[in-house]
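Have a look at protein_4.cif; it's mmCIF, C-alpha atoms:
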```
data_structure
loop_
_atom_site.group_PDB
_atom_site.id
_atom_site.type_symbol
_atom_site.label_atom_id
_atom_site.label_comp_id
_atom_site.auth_asym_id
_atom_site.auth_seq_id
_atom_site.Cartn_x
_atom_site.Cartn_y
_atom_site.Cartn_z
ATOM 1 C CA MET A 1 0.000 0.000 0.000
ATOM 2 C CA LYS A 2 2.848 2.365 0.900
ATOM 3 C CA ALA A 3 4.551 1.615 -2.410
ATOM 4 C CA LEU A 4 1.396 2.456 -4.354
ATOM 5 C CA LYS A 5 1.006 5.765 -2.529
ATOM 6 C CA ARG A 6 4.678 6.627 -3.064
ATOM 7 C CA GLU A 7 4.324 5.762 -6.763
ATOM 8 C CA ALA A 8 1.193 7.924 -7.110
ATOM 9 C CA ASP A 9 2.871 10.790 -5.252
ATOM 10 C CA GLU A 10 5.953 10.545 -7.458
ATOM 11 C CA ARG A 11 3.839 10.530 -10.601
ATOM 12 C CA LEU A 12 1.989 13.648 -9.439
ATOM 13 C CA LEU A 13 5.286 15.386 -8.647
ATOM 14 C CA ILE A 14 6.642 14.565 -12.088
ATOM 15 C CA GLU A 15 3.520 15.840 -13.804
ATOM 16 C CA ALA A 16 3.601 19.009 -11.685
ATOM 17 C CA ALA A 17 7.281 19.561 -12.540
ATOM 18 C CA GLN A 18 6.547 19.068 -16.231
ATOM 19 C CA GLN A 19 3.996 21.900 -15.976
ATOM 20 C CA ASP A 20 6.038 24.144 -13.660
ATOM 21 C CA ARG A 21 9.834 23.713 -13.676
ATOM 22 C CA ALA A 22 10.059 25.198 -10.172
ATOM 23 C CA ARG A 23 8.456 21.993 -8.853
ATOM 24 C CA PHE A 24 11.497 20.017 -10.053
ATOM 25 C CA ALA A 25 13.201 20.978 -6.774
ATOM 26 C CA GLU A 26 11.080 18.398 -4.946
ATOM 27 C CA LEU A 27 12.189 15.646 -7.323
ATOM 28 C CA TYR A 28 15.772 16.822 -6.910
ATOM 29 C CA GLU A 29 15.527 16.645 -3.107
ATOM 30 C CA MET A 30 13.955 13.182 -3.213
ATOM 31 C CA ASN A 31 16.568 11.741 -5.545
ATOM 32 C CA PHE A 32 19.816 13.615 -4.946
ATOM 33 C CA ASP A 33 21.294 11.164 -2.434
ATOM 34 C CA ARG A 34 20.429 8.174 -4.625
ATOM 35 C CA VAL A 35 22.029 9.650 -7.725
ATOM 36 C CA TYR A 36 25.087 10.864 -5.813
ATOM 37 C CA ALA A 37 25.597 7.396 -4.313
ATOM 38 C CA TYR A 38 25.148 5.757 -7.729
ATOM 39 C CA VAL A 39 27.724 8.041 -9.359
ATOM 40 C CA ALA A 40 30.149 7.869 -6.414
ATOM 41 C CA ARG A 41 30.184 4.087 -6.600
ATOM 42 C CA ARG A 42 31.364 4.231 -10.217
ATOM 43 C CA VAL A 43 33.586 7.296 -10.295
ATOM 44 C CA GLN A 44 35.310 7.307 -6.878
ATOM 45 C CA ASP A 45 36.534 10.887 -7.252
ATOM 46 C CA ARG A 46 34.621 13.387 -5.140
ATOM 47 C CA ALA A 47 34.887 16.402 -7.457
ATOM 48 C CA GLU A 48 33.972 14.359 -10.512
ATOM 49 C CA THR A 49 31.074 12.749 -8.626
ATOM 50 C CA GLU A 50 29.743 16.186 -7.705
ATOM 51 C CA ASP A 51 30.092 17.432 -11.289
ATOM 52 C CA LEU A 52 28.407 14.383 -12.780
ATOM 53 C CA THR A 53 25.576 14.479 -10.244
ATOM 54 C CA ALA A 54 24.923 18.115 -11.124
ATOM 55 C CA ASP A 55 25.001 17.213 -14.821
ATOM 56 C CA VAL A 56 22.465 14.420 -14.264
ATOM 57 C CA PHE A 57 19.945 16.810 -12.722
ATOM 58 C CA HIS A 58 20.650 19.515 -15.289
ATOM 59 C CA GLN A 59 19.992 17.041 -18.089
ATOM 60 C CA ALA A 60 16.929 15.628 -16.325
ATOM 61 C CA LEU A 61 15.438 19.106 -15.965
ATOM 62 C CA ALA A 62 16.241 19.969 -19.572
ATOM 63 C CA ASN A 63 14.560 16.763 -20.800
ATOM 64 C CA LEU A 64 11.769 16.476 -18.247
ATOM 65 C CA ASN A 65 9.026 16.904 -20.839
ATOM 66 C CA ARG A 66 10.336 13.791 -22.610
ATOM 67 C CA PHE A 67 9.882 11.677 -19.474
ATOM 68 C CA GLU A 68 6.904 9.406 -19.839
ATOM 69 C CA TRP A 69 5.433 7.688 -16.787
ATOM 70 C CA ARG A 70 5.440 3.902 -17.211
ATOM 71 C CA GLY A 71 5.287 2.835 -13.577
ATOM 72 C CA ILE A 72 9.073 2.725 -13.248
ATOM 73 C CA PRO A 73 10.584 4.927 -10.524
ATOM 74 C CA PHE A 74 11.879 8.324 -11.615
ATOM 75 C CA SER A 75 15.220 7.372 -10.079
ATOM 76 C CA ALA A 76 15.655 4.638 -12.724
ATOM 77 C CA TRP A 77 15.513 7.334 -15.419
ATOM 78 C CA LEU A 78 18.068 9.366 -13.463
ATOM 79 C CA TYR A 79 20.360 6.311 -13.154
ATOM 80 C CA ARG A 80 20.193 5.820 -16.912
ATOM 81 C CA ILE A 81 21.166 9.470 -17.463
ATOM 82 C CA ALA A 82 24.013 9.055 -14.971
ATOM 83 C CA ALA A 83 25.265 5.871 -16.645
ATOM 84 C CA ASN A 84 25.305 7.598 -20.031
ATOM 85 C CA LEU A 85 27.121 10.645 -18.658
ATOM 86 C CA ILE A 86 29.725 8.459 -16.944
ATOM 87 C CA SER A 87 30.300 6.518 -20.149
ATOM 88 C CA ASP A 88 30.602 9.768 -22.132
ATOM 89 C CA ARG A 89 33.056 11.188 -19.577
ATOM 90 C CA TRP A 90 35.234 8.068 -19.820
ATOM 91 C CA GLN A 91 35.279 8.272 -23.602
ATOM 92 C CA LYS A 92 36.063 12.014 -23.650
ATOM 93 C CA SER A 93 38.903 11.572 -21.177
ATOM 94 C CA GLY A 94 40.522 9.158 -23.617
ATOM 95 C CA ARG A 95 40.221 6.339 -21.140
ATOM 96 C CA GLU A 96 40.119 2.996 -22.885
ATOM 97 C CA VAL A 97 36.626 1.701 -22.188
ATOM 98 C CA THR A 98 36.003 -1.974 -22.779
ATOM 99 C CA ASP A 99 32.650 -3.247 -23.967
ATOM 100 C CA GLU A 100 32.203 -4.981 -20.611
ATOM 101 C CA GLU A 101 32.774 -1.703 -18.726
ATOM 102 C CA GLN A 102 30.364 0.136 -20.980
ATOM 103 C CA ILE A 103 27.708 -2.521 -20.485
ATOM 104 C CA ALA A 104 28.341 -2.622 -16.736
ATOM 105 C CA SER A 105 28.099 1.171 -16.428
ATOM 106 C CA ALA A 106 24.825 1.245 -18.355
ATOM 107 C CA GLN A 107 23.125 -1.576 -16.471
ATOM 108 C CA VAL A 108 21.393 -1.035 -13.179
ATOM 109 C CA ASN A 109 20.688 -4.289 -11.404
ATOM 110 C CA PRO A 110 18.367 -4.702 -8.402
ATOM 111 C CA ALA A 111 21.216 -5.508 -6.004
ATOM 112 C CA GLU A 112 22.955 -2.298 -6.982
ATOM 113 C CA ILE A 113 19.756 -0.287 -6.565
ATOM 114 C CA GLU A 114 19.495 -1.705 -3.060
ATOM 115 C CA GLU A 115 23.115 -0.691 -2.340
ATOM 116 C CA VAL A 116 22.511 2.792 -3.756
ATOM 117 C CA GLU A 117 19.390 3.136 -1.599
ATOM 118 C CA ARG A 118 21.399 2.038 1.451
ATOM 119 C CA ARG A 119 24.116 4.597 0.715
ATOM 120 C CA ALA A 120 21.542 7.334 0.123
ATOM 121 C CA THR A 121 19.969 6.534 3.483
ATOM 122 C CA LEU A 122 23.400 6.670 5.092
ATOM 123 C CA PHE A 123 24.129 10.082 3.490
ATOM 124 C CA ARG A 124 20.845 11.431 4.873
ATOM 125 C CA LEU A 125 21.554 10.003 8.308
ATOM 126 C CA VAL A 126 25.047 11.536 8.413
ATOM 127 C CA GLU A 127 23.450 14.901 7.607
ATOM 128 C CA SER A 128 21.174 14.482 10.644
ATOM 129 C CA LEU A 129 24.028 13.926 13.115
ATOM 130 C CA PRO A 130 25.024 16.671 15.563
ATOM 131 C CA ALA A 131 27.490 19.067 13.913
ATOM 132 C CA GLU A 132 30.649 17.815 15.662
ATOM 133 C CA GLN A 133 29.853 14.147 15.034
ATOM 134 C CA LYS A 134 29.044 14.871 11.402
ATOM 135 C CA ARG A 135 32.318 16.752 10.975
ATOM 136 C CA VAL A 136 34.312 13.879 12.475
ATOM 137 C CA VAL A 137 32.577 11.316 10.216
ATOM 138 C CA VAL A 138 33.209 13.420 7.109
ATOM 139 C CA LEU A 139 36.855 14.057 7.983
ATOM 140 C CA ARG A 140 37.519 10.412 8.907
ATOM 141 C CA PHE A 141 35.589 8.529 6.250
ATOM 142 C CA VAL A 142 35.101 10.936 3.355
ATOM 143 C CA GLU A 143 38.386 12.809 3.530
ATOM 144 C CA GLN A 144 40.108 9.742 5.044
ATOM 145 C CA LYS A 145 42.073 11.627 7.658
ATOM 146 C CA SER A 146 43.679 9.964 10.658
ATOM 147 C CA ILE A 147 42.398 10.443 14.209
ATOM 148 C CA LYS A 148 45.437 12.645 14.856
ATOM 149 C CA GLU A 149 44.722 14.856 11.796
ATOM 150 C CA VAL A 150 41.046 15.190 12.734
ATOM 151 C CA ALA A 151 41.946 16.094 16.310
ATOM 152 C CA ARG A 152 44.304 18.789 15.096
ATOM 153 C CA GLU A 153 41.743 20.166 12.628
ATOM 154 C CA ILE A 154 38.827 20.367 15.081
ATOM 155 C CA ARG A 155 41.068 21.340 18.020
ATOM 156 C CA LYS A 156 40.126 18.440 20.267
ATOM 157 C CA THR A 157 42.073 15.613 21.836
ATOM 158 C CA GLU A 158 42.425 12.300 20.042
ATOM 159 C CA GLY A 159 40.325 10.725 22.788
ATOM 160 C CA ALA A 160 37.540 13.244 22.188
ATOM 161 C CA VAL A 161 37.646 12.513 18.448
ATOM 162 C CA LYS A 162 37.434 8.764 19.116
ATOM 163 C CA GLN A 163 34.446 9.348 21.403
ATOM 164 C CA LEU A 164 32.678 11.549 18.832
ATOM 165 C CA GLN A 165 33.355 8.947 16.146
ATOM 166 C CA PHE A 166 32.075 6.127 18.377
ATOM 167 C CA ARG A 167 28.863 8.006 19.185
ATOM 168 C CA ALA A 168 28.308 8.933 15.539
ATOM 169 C CA LEU A 169 28.840 5.380 14.305
ATOM 170 C CA SER A 170 26.619 3.952 17.054
ATOM 171 C CA THR A 171 23.856 6.402 16.128
ATOM 172 C CA LEU A 172 24.245 5.656 12.420
ATOM 173 C CA ARG A 173 24.205 1.900 13.009
ATOM 174 C CA ALA A 174 21.035 2.103 15.112
ATOM 175 C CA ARG A 175 19.291 4.384 12.617
ATOM 176 C CA MET A 176 20.323 2.235 9.644
ATOM 177 C CA GLU A 177 18.918 -0.837 11.371
ATOM 178 C CA GLY A 178 15.729 1.109 12.057
ATOM 179 C CA ALA A 179 15.555 2.229 8.424
ATOM 180 C CA ASN A 180 15.960 -1.355 7.218
ATOM 181 C CA ALA A 181 13.368 -2.785 9.602
#
```

Please lay out the structure from this file as structure tokens.
Amino acid sequence: MKALKREADERLLIEAAQQDRARFAELYEMNFDRVYAYVARRVQDRAETEDLTADVFHQALANLNRFEWRGIPFSAWLYRIAANLISDRWQKSGREVTDEEQIASAQVNPAEIEEVERRATLFRLVESLPAEQKRVVVLRFVEQKSIKEVAREIRKTEGAVKQLQFRALSTLRARMEGANA
């Protein structure tokens, strides 16, 4: 029942955005974390991931009137755009792209969708952490800094950083389990 309501709501949002481009912001908010996680998994360079994610939404907005509702989630259309942009970026950079890589980048399998959804949930949960915990998580796991480097940057002891990290990870673990229940 929830899935049907979510599908109907998404369809209404898409139709509203097709009539009034300002309504696209809601679709952007709903799907940003998913698309970012999808691109990040393939690109593994933060700046390039950010650029490609922006390009996905720019292209989606530009081509929104071409989107035709067929009962498939809007995010699937966004993943297809992302896969095409990633493939194009690889080709333009002169990177030798094998047929297998091109096929793999264009395909979106259910297991990967599940992983992307999990990562998107994690991104949202990190955003909801208290400011200091969030900063420690970003510095440690996104920027991959050592405990010592984080402590120096946030002007706290290494013990305090470890405690903030422990609390943040405990909170994230509990919330992820709650989200998956």

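With only C-alpha atoms as the atoms that count, the minimum distance from Thr53 in chain A to the choices A:Ile72, A:Met176, A:Ala83, A:Leu27 is reached by A:Ala83.
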
| Residue neighbourhood Arg173 in chain A, 10 Å, only C-alpha atoms, exclusion window fewer than 5 positions, as JSON, numbers by chain | {"A": [122, 125, 167, 168, 178, 179]}

Edge lengths and centre, in Å to one decimal, as AutoDock Vina command-line options: that's what I need for the box along x, y and z that holds all listed atoms of range 155-174 of chain A plus 5 Å on each side.
```
--center_x 31.7 --center_y 11.6 --center_z 17.6 --size_x 31.4 --size_y 29.4 --size_z 20.4
```

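Shortest atom-to-atom contact with Asn65 in chain A among A:Glu29, A:Glu48, A:Glu114, A:Glu15: A:Glu15, counting only C-alpha atoms.
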
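The gap separating CA of Leu52 in chain A from CA of Arg140 in chain A is 23.9 Å, in Å to one decimal.
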
Just save range 22-85 of chain A with C-alpha atoms, as a PDB file, in the first residue's frame.
```pdb
ATOM      1  CA  ALA A  22      10.059  25.198 -10.172  1.00  0.00           C
ATOM      2  CA  ARG A  23       8.456  21.993  -8.853  1.00  0.00           C
ATOM      3  CA  PHE A  24      11.497  20.017 -10.053  1.00  0.00           C
ATOM      4  CA  ALA A  25      13.201  20.978  -6.774  1.00  0.00           C
ATOM      5  CA  GLU A  26      11.080  18.398  -4.946  1.00  0.00           C
ATOM      6  CA  LEU A  27      12.189  15.646  -7.323  1.00  0.00           C
ATOM      7  CA  TYR A  28      15.772  16.822  -6.910  1.00  0.00           C
ATOM      8  CA  GLU A  29      15.527  16.645  -3.107  1.00  0.00           C
ATOM      9  CA  MET A  30      13.955  13.182  -3.213  1.00  0.00           C
ATOM     10  CA  ASN A  31      16.568  11.741  -5.545  1.00  0.00           C
ATOM     11  CA  PHE A  32      19.816  13.615  -4.946  1.00  0.00           C
ATOM     12  CA  ASP A  33      21.294  11.164  -2.434  1.00  0.00           C
ATOM     13  CA  ARG A  34      20.429   8.174  -4.625  1.00  0.00           C
ATOM     14  CA  VAL A  35      22.029   9.650  -7.725  1.00  0.00           C
ATOM     15  CA  TYR A  36      25.087  10.864  -5.813  1.00  0.00           C
ATOM     16  CA  ALA A  37      25.597   7.396  -4.313  1.00  0.00           C
ATOM     17  CA  TYR A  38      25.148   5.757  -7.729  1.00  0.00           C
ATOM     18  CA  VAL A  39      27.724   8.041  -9.359  1.00  0.00           C
ATOM     19  CA  ALA A  40      30.149   7.869  -6.414  1.00  0.00           C
ATOM     20  CA  ARG A  41      30.184   4.087  -6.600  1.00  0.00           C
ATOM     21  CA  ARG A  42      31.364   4.231 -10.217  1.00  0.00           C
ATOM     22  CA  VAL A  43      33.586   7.296 -10.295  1.00  0.00           C
ATOM     23  CA  GLN A  44      35.310   7.307  -6.878  1.00  0.00           C
ATOM     24  CA  ASP A  45      36.534  10.887  -7.252  1.00  0.00           C
ATOM     25  CA  ARG A  46      34.621  13.387  -5.140  1.00  0.00           C
ATOM     26  CA  ALA A  47      34.887  16.402  -7.457  1.00  0.00           C
ATOM     27  CA  GLU A  48      33.972  14.359 -10.512  1.00  0.00           C
ATOM     28  CA  THR A  49      31.074  12.749  -8.626  1.00  0.00           C
ATOM     29  CA  GLU A  50      29.743  16.186  -7.705  1.00  0.00           C
ATOM     30  CA  ASP A  51      30.092  17.432 -11.289  1.00  0.00           C
ATOM     31  CA  LEU A  52      28.407  14.383 -12.780  1.00  0.00           C
ATOM     32  CA  THR A  53      25.576  14.479 -10.244  1.00  0.00           C
ATOM     33  CA  ALA A  54      24.923  18.115 -11.124  1.00  0.00           C
ATOM     34  CA  ASP A  55      25.001  17.213 -14.821  1.00  0.00           C
ATOM     35  CA  VAL A  56      22.465  14.420 -14.264  1.00  0.00           C
ATOM     36  CA  PHE A  57      19.945  16.810 -12.722  1.00  0.00           C
ATOM     37  CA  HIS A  58      20.650  19.515 -15.289  1.00  0.00           C
ATOM     38  CA  GLN A  59      19.992  17.041 -18.089  1.00  0.00           C
ATOM     39  CA  ALA A  60      16.929  15.628 -16.325  1.00  0.00           C
ATOM     40  CA  LEU A  61      15.438  19.106 -15.965  1.00  0.00           C
ATOM     41  CA  ALA A  62      16.241  19.969 -19.572  1.00  0.00           C
ATOM     42  CA  ASN A  63      14.560  16.763 -20.800  1.00  0.00           C
ATOM     43  CA  LEU A  64      11.769  16.476 -18.247  1.00  0.00           C
ATOM     44  CA  ASN A  65       9.026  16.904 -20.839  1.00  0.00           C
ATOM     45  CA  ARG A  66      10.336  13.791 -22.610  1.00  0.00           C
ATOM     46  CA  PHE A  67       9.882  11.677 -19.474  1.00  0.00           C
ATOM     47  CA  GLU A  68       6.904   9.406 -19.839  1.00  0.00           C
ATOM     48  CA  TRP A  69       5.433   7.688 -16.787  1.00  0.00           C
ATOM     49  CA  ARG A  70       5.440   3.902 -17.211  1.00  0.00           C
ATOM     50  CA  GLY A  71       5.287   2.835 -13.577  1.00  0.00           C
ATOM     51  CA  ILE A  72       9.073   2.725 -13.248  1.00  0.00           C
ATOM     52  CA  PRO A  73      10.584   4.927 -10.524  1.00  0.00           C
ATOM     53  CA  PHE A  74      11.879   8.324 -11.615  1.00  0.00           C
ATOM     54  CA  SER A  75      15.220   7.372 -10.079  1.00  0.00           C
ATOM     55  CA  ALA A  76      15.655   4.638 -12.724  1.00  0.00           C
ATOM     56  CA  TRP A  77      15.513   7.334 -15.419  1.00  0.00           C
ATOM     57  CA  LEU A  78      18.068   9.366 -13.463  1.00  0.00           C
ATOM     58  CA  TYR A  79      20.360   6.311 -13.154  1.00  0.00           C
ATOM     59  CA  ARG A  80      20.193   5.820 -16.912  1.00  0.00           C
ATOM     60  CA  ILE A  81      21.166   9.470 -17.463  1.00  0.00           C
ATOM     61  CA  ALA A  82      24.013   9.055 -14.971  1.00  0.00           C
ATOM     62  CA  ALA A  83      25.265   5.871 -16.645  1.00  0.00           C
ATOM     63  CA  ASN A  84      25.305   7.598 -20.031  1.00  0.00           C
ATOM     64  CA  LEU A  85      27.121  10.645 -18.658  1.00  0.00           C
TER      65      LEU A  85
END
```
